[in-house]
>>> print(open('input-v4.cif').read())   # mmCIF, C-alpha atoms
data_target
#
loop_
_atom_site.group_PDB
_atom_site.id
_atom_site.type_symbol
_atom_site.label_atom_id
_atom_site.label_comp_id
_atom_site.auth_asym_id
_atom_site.auth_seq_id
_atom_site.Cartn_x
_atom_site.Cartn_y
_atom_site.Cartn_z
ATOM 1 C CA MET A 1 131.279 130.469 131.412
ATOM 2 C CA ARG A 2 131.817 127.917 128.704
ATOM 3 C CA ASN A 3 130.400 125.175 130.943
ATOM 4 C CA GLN A 4 127.269 127.261 131.556
ATOM 5 C CA SER A 5 126.892 127.845 127.819
ATOM 6 C CA ASN A 6 127.281 124.147 127.121
ATOM 7 C CA HIS A 7 124.757 123.306 129.828
ATOM 8 C CA ARG A 8 122.234 125.754 128.364
ATOM 9 C CA PHE A 9 122.830 124.369 124.877
ATOM 10 C CA TYR A 10 122.207 120.771 125.919
ATOM 11 C CA LEU A 11 119.180 121.798 127.983
ATOM 12 C CA LEU A 12 117.728 123.611 124.966
ATOM 13 C CA LEU A 13 118.519 120.626 122.751
ATOM 14 C CA ALA A 14 116.795 118.242 125.177
ATOM 15 C CA CYS A 15 113.703 120.475 125.289
ATOM 16 C CA CYS A 16 113.578 120.585 121.481
ATOM 17 C CA LEU A 17 113.841 116.789 121.268
ATOM 18 C CA LEU A 18 111.075 116.354 123.842
ATOM 19 C CA PHE A 19 108.871 118.779 121.929
ATOM 20 C CA LEU A 20 109.493 117.027 118.642
ATOM 21 C CA GLY A 21 108.874 113.679 120.313
ATOM 22 C CA SER A 22 105.548 114.886 121.661
ATOM 23 C CA LEU A 23 104.504 115.887 118.145
ATOM 24 C CA ALA A 24 105.245 112.377 116.903
ATOM 25 C CA LEU A 25 103.276 110.584 119.634
ATOM 26 C CA PRO A 26 99.778 110.905 118.102
ATOM 27 C CA PHE A 27 100.941 109.331 114.875
ATOM 28 C CA ASN A 28 101.862 106.191 116.771
ATOM 29 C CA SER A 29 98.524 105.936 118.564
ATOM 30 C CA ALA A 30 95.552 103.782 117.663
ATOM 31 C CA GLN A 31 93.486 106.858 116.857
ATOM 32 C CA ALA A 32 95.854 107.776 114.050
ATOM 33 C CA GLN A 33 95.332 104.589 112.074
ATOM 34 C CA PRO A 34 94.302 105.339 108.477
ATOM 35 C CA LYS A 35 90.634 105.043 107.626
ATOM 36 C CA GLN A 36 89.533 102.224 105.378
ATOM 37 C CA LYS A 37 89.295 102.391 101.650
ATOM 38 C CA ALA A 38 87.883 98.977 100.944
ATOM 39 C CA THR A 39 86.384 96.870 98.200
ATOM 40 C CA TRP A 40 84.499 93.568 98.113
ATOM 41 C CA PHE A 41 86.156 90.715 96.236
ATOM 42 C CA TRP A 42 83.602 88.021 95.418
ATOM 43 C CA ASP A 43 85.370 86.220 92.558
ATOM 44 C CA THR A 44 88.052 84.646 94.747
ATOM 45 C CA ALA A 45 89.317 82.306 92.007
ATOM 46 C CA MET A 46 90.962 85.348 90.402
ATOM 47 C CA ILE A 47 93.687 85.366 93.069
ATOM 48 C CA LYS A 48 95.121 82.183 91.528
ATOM 49 C CA GLU A 49 96.368 83.923 88.390
ATOM 50 C CA SER A 50 95.811 87.672 88.826
ATOM 51 C CA SER A 51 97.231 88.617 92.224
ATOM 52 C CA GLU A 52 99.728 91.079 90.752
ATOM 53 C CA ASP A 53 97.053 92.891 88.711
ATOM 54 C CA ILE A 54 94.643 92.972 91.651
ATOM 55 C CA LEU A 55 97.211 94.411 94.029
ATOM 56 C CA SER A 56 98.454 96.903 91.440
ATOM 57 C CA PHE A 57 94.895 98.170 91.047
ATOM 58 C CA ALA A 58 94.555 98.404 94.817
ATOM 59 C CA PHE A 59 97.772 100.404 95.137
ATOM 60 C CA ALA A 60 96.845 102.757 92.282
ATOM 61 C CA ASN A 61 93.404 103.430 93.786
ATOM 62 C CA GLY A 62 94.338 103.735 97.447
ATOM 63 C CA VAL A 63 92.684 100.487 98.568
ATOM 64 C CA ASN A 64 93.929 99.360 101.986
ATOM 65 C CA THR A 65 91.335 96.666 102.760
ATOM 66 C CA PHE A 66 89.931 93.741 100.769
ATOM 67 C CA TYR A 67 86.785 91.869 101.759
ATOM 68 C CA LEU A 68 87.769 88.538 100.165
ATOM 69 C CA GLN A 69 85.142 85.804 99.928
ATOM 70 C CA MET A 70 85.813 82.418 101.460
ATOM 71 C CA ASN A 71 85.683 79.855 98.665
ATOM 72 C CA ARG A 72 86.461 76.243 99.570
ATOM 73 C CA ASP A 73 87.255 75.527 95.907
ATOM 74 C CA VAL A 74 90.283 77.835 96.154
ATOM 75 C CA ARG A 75 93.140 76.061 97.906
ATOM 76 C CA PRO A 76 94.627 77.678 101.024
ATOM 77 C CA GLU A 77 98.007 78.198 99.396
ATOM 78 C CA TYR A 78 96.462 80.715 96.989
ATOM 79 C CA TYR A 79 94.984 82.647 99.899
ATOM 80 C CA LYS A 80 98.325 82.540 101.695
ATOM 81 C CA SER A 81 100.219 83.849 98.685
ATOM 82 C CA PHE A 82 97.708 86.631 98.028
ATOM 83 C CA ILE A 83 97.472 87.764 101.642
ATOM 84 C CA ARG A 84 101.260 87.633 102.044
ATOM 85 C CA GLN A 85 101.658 89.912 99.020
ATOM 86 C CA ALA A 86 98.878 92.204 100.243
ATOM 87 C CA THR A 87 100.380 92.423 103.715
ATOM 88 C CA ALA A 88 103.719 93.445 102.203
ATOM 89 C CA LYS A 89 101.916 96.365 100.544
ATOM 90 C CA GLY A 90 100.132 97.416 103.732
ATOM 91 C CA ILE A 91 96.753 96.021 102.614
ATOM 92 C CA GLU A 92 94.530 94.133 105.050
ATOM 93 C CA VAL A 93 92.422 91.195 103.929
ATOM 94 C CA HIS A 94 89.174 90.339 105.734
ATOM 95 C CA VAL A 95 87.436 87.036 105.072
ATOM 96 C CA LEU A 96 84.022 87.600 103.494
ATOM 97 C CA GLY A 97 80.953 85.419 103.737
ATOM 98 C CA GLY A 98 77.210 85.627 103.654
ATOM 99 C CA SER A 99 73.957 85.371 101.749
ATOM 100 C CA PRO A 100 70.318 86.107 102.627
ATOM 101 C CA SER A 101 69.885 82.452 103.635
ATOM 102 C CA TRP A 102 72.422 82.982 106.434
ATOM 103 C CA SER A 103 69.622 84.687 108.348
ATOM 104 C CA LEU A 104 67.782 81.344 108.709
ATOM 105 C CA GLU A 105 68.508 79.038 111.634
ATOM 106 C CA SER A 106 68.017 76.082 109.290
ATOM 107 C CA GLU A 107 71.147 77.275 107.473
ATOM 108 C CA ARG A 108 73.283 77.500 110.632
ATOM 109 C CA TYR A 109 75.511 74.727 109.303
ATOM 110 C CA ARG A 110 76.753 77.125 106.603
ATOM 111 C CA LEU A 111 77.917 79.523 109.291
ATOM 112 C CA GLU A 112 79.657 76.663 111.077
ATOM 113 C CA ILE A 113 81.465 75.701 107.863
ATOM 114 C CA PHE A 114 82.535 79.332 107.406
ATOM 115 C CA LEU A 115 83.931 79.685 110.933
ATOM 116 C CA ASP A 116 85.568 76.232 110.915
ATOM 117 C CA TRP A 117 87.278 77.044 107.620
ATOM 118 C CA ILE A 118 88.617 80.326 109.022
ATOM 119 C CA ALA A 119 89.888 78.611 112.170
ATOM 120 C CA ALA A 120 91.703 75.909 110.181
ATOM 121 C CA TYR A 121 93.132 78.446 107.752
ATOM 122 C CA GLN A 122 94.382 80.818 110.464
ATOM 123 C CA ALA A 123 96.035 77.926 112.316
ATOM 124 C CA SER A 124 97.924 76.821 109.199
ATOM 125 C CA ALA A 125 99.008 80.294 108.027
ATOM 126 C CA ALA A 126 102.016 82.401 108.980
ATOM 127 C CA PRO A 127 101.233 85.760 110.657
ATOM 128 C CA GLU A 128 101.657 87.695 107.417
ATOM 129 C CA GLU A 129 99.307 85.259 105.629
ATOM 130 C CA ARG A 130 96.370 85.520 108.024
ATOM 131 C CA PHE A 131 93.085 87.364 107.708
ATOM 132 C CA THR A 132 92.790 90.425 109.918
ATOM 133 C CA GLY A 133 88.993 90.556 110.120
ATOM 134 C CA VAL A 134 85.683 88.834 109.375
ATOM 135 C CA HIS A 135 83.147 90.501 107.080
ATOM 136 C CA ILE A 136 79.534 89.357 106.757
ATOM 137 C CA ASP A 137 76.921 90.300 104.156
ATOM 138 C CA ILE A 138 73.587 88.675 105.056
ATOM 139 C CA GLU A 139 70.724 91.030 104.017
ATOM 140 C CA PRO A 140 67.635 89.124 105.279
ATOM 141 C CA HIS A 141 65.317 91.684 103.664
ATOM 142 C CA VAL A 142 65.871 89.961 100.308
ATOM 143 C CA LEU A 143 63.938 86.882 101.460
ATOM 144 C CA GLY A 144 60.195 86.492 100.971
ATOM 145 C CA LYS A 145 59.761 85.969 104.728
ATOM 146 C CA TRP A 146 60.648 89.643 105.207
ATOM 147 C CA SER A 147 57.137 90.398 103.969
ATOM 148 C CA THR A 148 55.263 87.320 105.163
ATOM 149 C CA ASN A 149 56.793 86.551 108.599
ATOM 150 C CA ARG A 150 59.285 89.295 109.446
ATOM 151 C CA SER A 151 59.165 88.773 113.216
ATOM 152 C CA SER A 152 60.307 85.154 112.945
ATOM 153 C CA LEU A 153 62.935 86.004 110.335
ATOM 154 C CA ILE A 154 64.421 88.789 112.455
ATOM 155 C CA LYS A 155 64.698 86.524 115.506
ATOM 156 C CA GLN A 156 66.492 83.865 113.448
ATOM 157 C CA TRP A 157 68.775 86.499 111.929
ATOM 158 C CA GLN A 158 69.623 87.809 115.408
ATOM 159 C CA SER A 159 70.520 84.314 116.562
ATOM 160 C CA ASN A 160 72.832 83.780 113.601
ATOM 161 C CA VAL A 161 74.494 87.179 113.972
ATOM 162 C CA ARG A 162 75.236 86.368 117.635
ATOM 163 C CA PHE A 163 76.688 83.021 116.528
ATOM 164 C CA LEU A 164 78.960 84.673 113.954
ATOM 165 C CA ALA A 165 80.052 87.455 116.300
ATOM 166 C CA ASP A 166 80.940 84.957 119.032
ATOM 167 C CA GLY A 167 82.805 82.820 116.519
ATOM 168 C CA ALA A 168 84.817 85.731 115.172
ATOM 169 C CA ARG A 169 85.811 86.838 118.652
ATOM 170 C CA SER A 170 86.886 83.318 119.574
ATOM 171 C CA LEU A 171 89.289 83.657 116.639
ATOM 172 C CA ASN A 172 90.469 87.072 117.913
ATOM 173 C CA LEU A 173 89.179 88.738 114.747
ATOM 174 C CA PRO A 174 87.032 91.895 114.551
ATOM 175 C CA ILE A 175 83.760 91.420 112.723
ATOM 176 C CA THR A 176 82.098 93.888 110.338
ATOM 177 C CA ALA A 177 78.569 93.629 108.930
ATOM 178 C CA ASP A 178 76.989 95.169 105.838
ATOM 179 C CA ILE A 179 73.686 96.960 106.483
ATOM 180 C CA PRO A 180 71.359 98.931 104.185
ATOM 181 C CA PHE A 181 71.070 102.624 105.021
ATOM 182 C CA TRP A 182 67.339 102.289 105.804
ATOM 183 C CA LEU A 183 67.696 99.576 108.446
ATOM 184 C CA TYR A 184 67.279 102.127 111.252
ATOM 185 C CA THR A 185 63.650 102.651 110.146
ATOM 186 C CA TYR A 186 62.733 99.097 111.264
ATOM 187 C CA ASN A 187 62.481 98.068 114.896
ATOM 188 C CA LEU A 188 63.034 94.697 116.512
ATOM 189 C CA PRO A 189 59.845 92.689 117.150
ATOM 190 C CA ASP A 190 59.789 93.890 120.787
ATOM 191 C CA ASP A 191 60.266 97.556 119.700
ATOM 192 C CA SER A 192 63.213 97.870 122.083
ATOM 193 C CA MET A 193 65.479 99.461 119.473
ATOM 194 C CA SER A 194 66.074 99.814 115.742
ATOM 195 C CA MET A 195 67.399 96.805 113.865
ATOM 196 C CA SER A 196 70.479 98.775 112.833
ATOM 197 C CA ARG A 197 71.264 99.732 116.437
ATOM 198 C CA TRP A 198 70.982 96.098 117.497
ATOM 199 C CA ILE A 199 73.367 94.775 114.865
ATOM 200 C CA ILE A 200 75.820 97.649 115.470
ATOM 201 C CA SER A 201 75.831 96.664 119.145
ATOM 202 C CA LYS A 202 76.807 93.088 118.269
ATOM 203 C CA VAL A 203 79.641 93.721 115.799
ATOM 204 C CA ASP A 204 82.775 95.872 115.775
ATOM 205 C CA ALA A 205 81.887 97.905 112.703
ATOM 206 C CA VAL A 206 79.243 98.241 110.010
ATOM 207 C CA VAL A 207 79.381 99.123 106.348
ATOM 208 C CA VAL A 208 76.426 101.358 105.543
ATOM 209 C CA MET A 209 75.308 100.664 101.989
ATOM 210 C CA ALA A 210 74.373 104.240 101.070
ATOM 211 C CA TYR A 211 74.042 103.485 97.375
ATOM 212 C CA ARG A 212 73.612 106.827 95.625
ATOM 213 C CA ASP A 213 75.681 108.784 93.097
ATOM 214 C CA GLN A 214 75.836 112.271 94.676
ATOM 215 C CA ALA A 215 77.940 113.134 97.708
ATOM 216 C CA THR A 216 75.246 114.927 99.697
ATOM 217 C CA ASN A 217 72.752 112.106 99.196
ATOM 218 C CA ILE A 218 75.315 109.449 100.133
ATOM 219 C CA TYR A 219 76.288 111.303 103.289
ATOM 220 C CA ASN A 220 72.733 112.096 104.362
ATOM 221 C CA LEU A 221 71.673 108.455 103.995
ATOM 222 C CA ALA A 222 74.547 107.304 106.209
ATOM 223 C CA ILE A 223 73.998 109.820 109.032
ATOM 224 C CA PRO A 224 71.459 107.859 111.163
ATOM 225 C CA GLU A 225 73.623 104.746 111.396
ATOM 226 C CA MET A 226 76.830 106.756 111.849
ATOM 227 C CA ASN A 227 75.123 108.436 114.812
ATOM 228 C CA GLU A 228 74.030 105.098 116.260
ATOM 229 C CA ALA A 229 77.555 103.726 115.838
ATOM 230 C CA ALA A 230 79.020 106.780 117.579
ATOM 231 C CA GLU A 231 76.637 106.359 120.523
ATOM 232 C CA LEU A 232 77.711 102.716 120.840
ATOM 233 C CA GLY A 233 81.432 103.408 120.403
ATOM 234 C CA LYS A 234 81.582 101.470 117.133
ATOM 235 C CA LYS A 235 82.855 102.262 113.622
ATOM 236 C CA ALA A 236 80.929 102.887 110.403
ATOM 237 C CA ILE A 237 82.180 102.749 106.811
ATOM 238 C CA ILE A 238 80.164 104.335 103.990
ATOM 239 C CA ALA A 239 79.729 102.247 100.832
ATOM 240 C CA VAL A 240 78.791 103.053 97.242
ATOM 241 C CA GLU A 241 77.927 100.942 94.192
ATOM 242 C CA THR A 242 79.621 100.686 90.780
ATOM 243 C CA LYS A 243 77.578 97.867 89.219
ATOM 244 C CA SER A 244 74.735 98.573 86.819
ATOM 245 C CA SER A 245 71.449 98.723 88.725
ATOM 246 C CA GLY A 246 67.896 98.027 87.615
ATOM 247 C CA GLU A 247 66.644 100.229 90.474
ATOM 248 C CA GLY A 248 67.722 103.415 88.701
ATOM 249 C CA ASN A 249 70.801 105.320 87.567
ATOM 250 C CA PHE A 250 70.909 107.311 90.827
ATOM 251 C CA ILE A 251 71.839 104.129 92.751
ATOM 252 C CA THR A 252 75.264 103.607 91.207
ATOM 253 C CA PHE A 253 78.278 105.320 89.672
ATOM 254 C CA TYR A 254 78.100 102.941 86.695
ATOM 255 C CA GLU A 255 76.933 105.744 84.381
ATOM 256 C CA GLU A 256 79.099 108.529 85.815
ATOM 257 C CA GLY A 257 82.415 106.686 85.841
ATOM 258 C CA SER A 258 85.361 106.515 88.214
ATOM 259 C CA SER A 259 86.537 110.141 87.965
ATOM 260 C CA ILE A 260 83.198 111.574 89.081
ATOM 261 C CA MET A 261 82.928 108.865 91.730
ATOM 262 C CA ASN A 262 86.305 109.870 93.149
ATOM 263 C CA GLU A 263 85.258 113.522 93.259
ATOM 264 C CA GLN A 264 82.022 112.677 95.043
ATOM 265 C CA LEU A 265 83.738 110.360 97.517
ATOM 266 C CA GLN A 266 86.244 113.069 98.416
ATOM 267 C CA GLN A 267 83.299 115.261 99.348
ATOM 268 C CA VAL A 268 81.680 112.457 101.355
ATOM 269 C CA ASP A 269 84.946 111.928 103.214
ATOM 270 C CA VAL A 270 85.114 115.598 104.209
ATOM 271 C CA MET A 271 81.479 115.716 105.336
ATOM 272 C CA ALA A 272 81.620 112.440 107.260
ATOM 273 C CA ALA A 273 84.866 113.270 109.057
ATOM 274 C CA GLN A 274 82.922 115.193 111.724
ATOM 275 C CA HIS A 275 81.407 111.907 112.982
ATOM 276 C CA ALA A 276 83.436 110.063 115.620
ATOM 277 C CA SER A 277 82.272 106.727 114.202
ATOM 278 C CA TYR A 278 83.303 107.391 110.596
ATOM 279 C CA ASP A 279 86.005 104.975 109.477
ATOM 280 C CA GLY A 280 86.268 105.355 105.721
ATOM 281 C CA LEU A 281 84.777 104.270 102.409
ATOM 282 C CA ALA A 282 83.999 101.027 100.595
ATOM 283 C CA ILE A 283 83.330 100.492 96.897
ATOM 284 C CA HIS A 284 81.189 97.612 95.663
ATOM 285 C CA GLU A 285 82.779 95.713 94.052
ATOM 286 C CA TYR A 286 86.283 95.021 92.642
ATOM 287 C CA ARG A 287 85.396 93.793 89.142
ATOM 288 C CA ALA A 288 82.747 96.429 88.458
ATOM 289 C CA TRP A 289 84.981 99.175 89.863
ATOM 290 C CA LYS A 290 87.911 98.012 87.727
ATOM 291 C CA ASP A 291 85.665 98.024 84.647
ATOM 292 C CA LEU A 292 84.782 101.637 85.428
ATOM 293 C CA VAL A 293 88.457 102.569 85.671
ATOM 294 C CA ASP A 294 89.316 100.648 82.492
ATOM 295 C CA ARG A 295 86.591 102.556 80.639
ATOM 296 C CA GLY A 296 88.636 105.649 81.386
ATOM 297 C CA ASN A 297 85.880 107.992 82.551
#
>>> encode(input="input-v4.cif", output="structure tokens")
Amino acid sequence: MRNQSNHRFYLLLACCLLFLGSLALPFNSAQAQPKQKATWFWDTAMIKESSEDILSFAFANGVNTFYLQMNRDVRPEYYKSFIRQATAKGIEVHVLGGSPSWSLESERYRLEIFLDWIAAYQASAAPEERFTGVHIDIEPHVLGKWSTNRSSLIKQWQSNVRFLADGARSLNLPITADIPFWLYTYNLPDDSMSMSRWIISKVDAVVVMAYRDQATNIYNLAIPEMNEAAELGKKAIIAVETKSSGEGNFITFYEEGSSIMNEQLQQVDVMAAQHASYDGLAIHEYRAWKDLVDRGN
């Protein structure tokens, strides 16, 4: 009788352990990875002296991803130290590059310098010191050719995006591209698809610059490209602005401050969660965001 009781006890215990184990499985899967909370970091020289302050700010504000600009004037050892410290805190660092001129084939050499620098850096760095992604911010619409010869500009931009995407993948790094929320309203020269759909198809993820200061407006602006990303099996991050803007107060959270921004972003996060492509939030950019927080509103 005692042996039967013991057998039943161990059988029940084994079933409980299997059940508890099955509950834990999803948390170890790729789907359960935390969504991004990212910020751009353009002033790379700051990592020389201010790494501790930068990472403390990131920890206090839930940042888990930095888009850190490649700057050849900053020696690799500073990158290594910063990324090593960030990695220890569970923060990813993606190498950032780009300008409107990167859409021109005549500027291809700048893209080559960017990719060659990444390759050399990654080869010299320890695993915990390496970048975990490539981030590009090109924005060809800023150039005058957008109005005067858009068809030629778009074709050159496509060629350079392909070049960057191929280069990133040769380095075994995912590549993310910034796009304005309205890019879906423009088609490629052959009208085969929207410009946003094309670039989403070429990269691993996009950051949709939905620069507004109210949650509903931010979310609504991001919907078309989130839908395109979902259809293509890609990821989309929604971005907001904190810098002062000459385009109007509704563009940025500069006037409202960090507390209201956080409230609005919480709402965006809830609304966007229904989209399979949604992968988090990005705030442009570190220094302006920190100024908002330091202002205390």
>>> closest_residue(input="input-v4.cif", among="A:Glu247, A:Ser201, A:Val293, A:Arg287", to="Ala60 in chain A", atoms="only C-alpha atoms")
A:Val293
>>> resolve_selection(input="input-v4.cif", expression="the PyMOL selection byres ((chain A and resi 141) around 10)", output="MDAnalysis selection string")
chainID A and resid 100 103 138:140 142:147 150 153:154 180 183
>>> closest_residue(input="input-v4.cif", among="A:Leu111, A:Ala273, A:Ile200, A:Ala125", to="Glu77 in chain A", atoms="only C-alpha atoms")
A:Ala125
>>> atom_distance(input="input-v4.cif", atom1="CA of Val161 in chain A", atom2="CA of Val203 in chain A")
8.5 Å
>>> closest_residue(input="input-v4.cif", among="A:Gln122, A:Gln267, A:Ser56, A:Asn64", to="Ile218 in chain A", atoms="only C-alpha atoms")
A:Gln267
>>> resolve_selection(input="input-v4.cif", expression="the PyMOL selection byres ((chain A and resi 222-235) around 12)", output="PyMOL selection string")
chain A and resi 35-36+174-185+193-212+215-221+236-240+268-269+271-281
>>> atom_distance(input="input-v4.cif", atom1="CA of Phe41 in chain A", atom2="CA of Gly62 in chain A")
15.4 Å
>>> closest_residue(input="input-v4.cif", among="A:Trp117, A:Phe131, A:Trp289, A:Trp102", to="Ala86 in chain A", atoms="all atoms listed in the file")
A:Phe131
>>> atom_distance(input="input-v4.cif", atom1="CA of Ala58 in chain A", atom2="CA of Lys37 in chain A")
9.5 Å
>>> closest_residue(input="input-v4.cif", among="A:Thr44, A:Thr148, A:Asn160, A:Ser99", to="Glu112 in chain A", atoms="only C-alpha atoms")
A:Asn160
>>> resolve_selection(input="input-v4.cif", expression="the PyMOL selection byres ((chain A and resi 242) around 8)", output="list in words")
Val240, Glu241, Lys243, Ser244, Thr252, Phe253, Tyr254, Ile283, His284, Glu285, Ala288, Trp289 and Leu292 of chain A
>>> closest_residue(input="input-v4.cif", among="A:Tyr286, A:Arg84, A:Leu115, A:Gln156", to="Thr39 in chain A", atoms="only C-alpha atoms")
A:Tyr286
>>> residues_near_point(input="input-v4.cif", point="(88.2, 86.3, 102.5)", cutoff="10 Å", atoms="only C-alpha atoms", output="PyMOL selection string")
chain A and resi 40-42+44+66-71+79+83+93-97+118+130-135
>>> write_last_selection(input="input-v4.cif", atoms="C-alpha atoms", output="PDB file, in the coordinates of the input")
ATOM      1  CA  TRP A  40      84.499  93.568  98.113  1.00  0.00           C
ATOM      2  CA  PHE A  41      86.156  90.715  96.236  1.00  0.00           C
ATOM      3  CA  TRP A  42      83.602  88.021  95.418  1.00  0.00           C
ATOM      4  CA  THR A  44      88.052  84.646  94.747  1.00  0.00           C
ATOM      5  CA  PHE A  66      89.931  93.741 100.769  1.00  0.00           C
ATOM      6  CA  TYR A  67      86.785  91.869 101.759  1.00  0.00           C
ATOM      7  CA  LEU A  68      87.769  88.538 100.165  1.00  0.00           C
ATOM      8  CA  GLN A  69      85.142  85.804  99.928  1.00  0.00           C
ATOM      9  CA  MET A  70      85.813  82.418 101.460  1.00  0.00           C
ATOM     10  CA  ASN A  71      85.683  79.855  98.665  1.00  0.00           C
ATOM     11  CA  TYR A  79      94.984  82.647  99.899  1.00  0.00           C
ATOM     12  CA  ILE A  83      97.472  87.764 101.642  1.00  0.00           C
ATOM     13  CA  VAL A  93      92.422  91.195 103.929  1.00  0.00           C
ATOM     14  CA  HIS A  94      89.174  90.339 105.734  1.00  0.00           C
ATOM     15  CA  VAL A  95      87.436  87.036 105.072  1.00  0.00           C
ATOM     16  CA  LEU A  96      84.022  87.600 103.494  1.00  0.00           C
ATOM     17  CA  GLY A  97      80.953  85.419 103.737  1.00  0.00           C
ATOM     18  CA  ILE A 118      88.617  80.326 109.022  1.00  0.00           C
ATOM     19  CA  ARG A 130      96.370  85.520 108.024  1.00  0.00           C
ATOM     20  CA  PHE A 131      93.085  87.364 107.708  1.00  0.00           C
ATOM     21  CA  THR A 132      92.790  90.425 109.918  1.00  0.00           C
ATOM     22  CA  GLY A 133      88.993  90.556 110.120  1.00  0.00           C
ATOM     23  CA  VAL A 134      85.683  88.834 109.375  1.00  0.00           C
ATOM     24  CA  HIS A 135      83.147  90.501 107.080  1.00  0.00           C
TER      25      HIS A 135
END
>>> axis_aligned_box(input="input-v4.cif", around="range 237-244 of chain A", padding_each_side="5 Å", output="AutoDock Vina command-line options")
--center_x 78.5 --center_y 101.1 --center_z 96.8 --size_x 17.4 --size_y 16.5 --size_z 30.0
>>> residues_around(input="input-v4.cif", residues="Glu52 in chain A", least_positions_apart="2", cutoff="12 Å", atoms="only C-alpha atoms", output="list in words")
Met46, Ile47, Lys48, Glu49, Ser50, Ile54, Leu55, Ser56, Phe57, Ala58, Phe59, Ser81, Phe82, Ile83, Arg84, Gln85, Ala86 and Lys89 of chain A
>>> decode(input="input-v4.cif", residues="range 164-169 of chain A", atoms="all heavy atoms", output="PDB file, in the first residue's frame")
ATOM      1  N   LEU A 164      23.879  48.236 -48.777  1.00  0.00           N
ATOM      2  CA  LEU A 164      23.991  48.221 -47.314  1.00  0.00           C
ATOM      3  C   LEU A 164      23.398  46.950 -46.713  1.00  0.00           C
ATOM      4  O   LEU A 164      23.973  46.364 -45.784  1.00  0.00           O
ATOM      5  CB  LEU A 164      23.294  49.452 -46.732  1.00  0.00           C
ATOM      6  CG  LEU A 164      24.027  50.780 -46.904  1.00  0.00           C
ATOM      7  CD1 LEU A 164      23.083  51.951 -46.611  1.00  0.00           C
ATOM      8  CD2 LEU A 164      25.251  50.858 -46.004  1.00  0.00           C
ATOM      9  N   ALA A 165      22.251  46.525 -47.237  1.00  0.00           N
ATOM     10  CA  ALA A 165      21.614  45.317 -46.711  1.00  0.00           C
ATOM     11  C   ALA A 165      22.499  44.092 -46.948  1.00  0.00           C
ATOM     12  O   ALA A 165      22.676  43.254 -46.054  1.00  0.00           O
ATOM     13  CB  ALA A 165      20.248  45.130 -47.349  1.00  0.00           C
ATOM     14  N   ASP A 166      23.080  43.997 -48.131  1.00  0.00           N
ATOM     15  CA  ASP A 166      23.979  42.877 -48.428  1.00  0.00           C
ATOM     16  C   ASP A 166      25.209  42.927 -47.530  1.00  0.00           C
ATOM     17  O   ASP A 166      25.671  41.893 -47.025  1.00  0.00           O
ATOM     18  CB  ASP A 166      24.408  42.913 -49.902  1.00  0.00           C
ATOM     19  CG  ASP A 166      23.285  42.563 -50.860  1.00  0.00           C
ATOM     20  OD1 ASP A 166      22.260  42.015 -50.404  1.00  0.00           O
ATOM     21  OD2 ASP A 166      23.432  42.851 -52.068  1.00  0.00           O
ATOM     22  N   GLY A 167      25.729  44.125 -47.305  1.00  0.00           N
ATOM     23  CA  GLY A 167      26.901  44.271 -46.459  1.00  0.00           C
ATOM     24  C   GLY A 167      26.625  43.886 -45.023  1.00  0.00           C
ATOM     25  O   GLY A 167      27.443  43.206 -44.376  1.00  0.00           O
ATOM     26  N   ALA A 168      25.476  44.304 -44.509  1.00  0.00           N
ATOM     27  CA  ALA A 168      25.121  43.962 -43.131  1.00  0.00           C
ATOM     28  C   ALA A 168      24.975  42.455 -42.971  1.00  0.00           C
ATOM     29  O   ALA A 168      25.435  41.876 -41.979  1.00  0.00           O
ATOM     30  CB  ALA A 168      23.832  44.672 -42.729  1.00  0.00           C
ATOM     31  N   ARG A 169      24.353  41.824 -43.937  1.00  0.00           N
ATOM     32  CA  ARG A 169      24.135  40.375 -43.831  1.00  0.00           C
ATOM     33  C   ARG A 169      25.439  39.603 -43.970  1.00  0.00           C
ATOM     34  O   ARG A 169      25.598  38.537 -43.370  1.00  0.00           O
ATOM     35  CB  ARG A 169      23.087  39.927 -44.850  1.00  0.00           C
ATOM     36  CG  ARG A 169      21.706  40.369 -44.382  1.00  0.00           C
ATOM     37  CD  ARG A 169      20.593  40.147 -45.357  1.00  0.00           C
ATOM     38  NE  ARG A 169      19.386  40.815 -44.804  1.00  0.00           N
ATOM     39  CZ  ARG A 169      18.562  41.550 -45.491  1.00  0.00           C
ATOM     40  NH1 ARG A 169      18.770  41.749 -46.777  1.00  0.00           N
ATOM     41  NH2 ARG A 169      17.512  42.108 -44.916  1.00  0.00           N
TER      42      ARG A 169
END
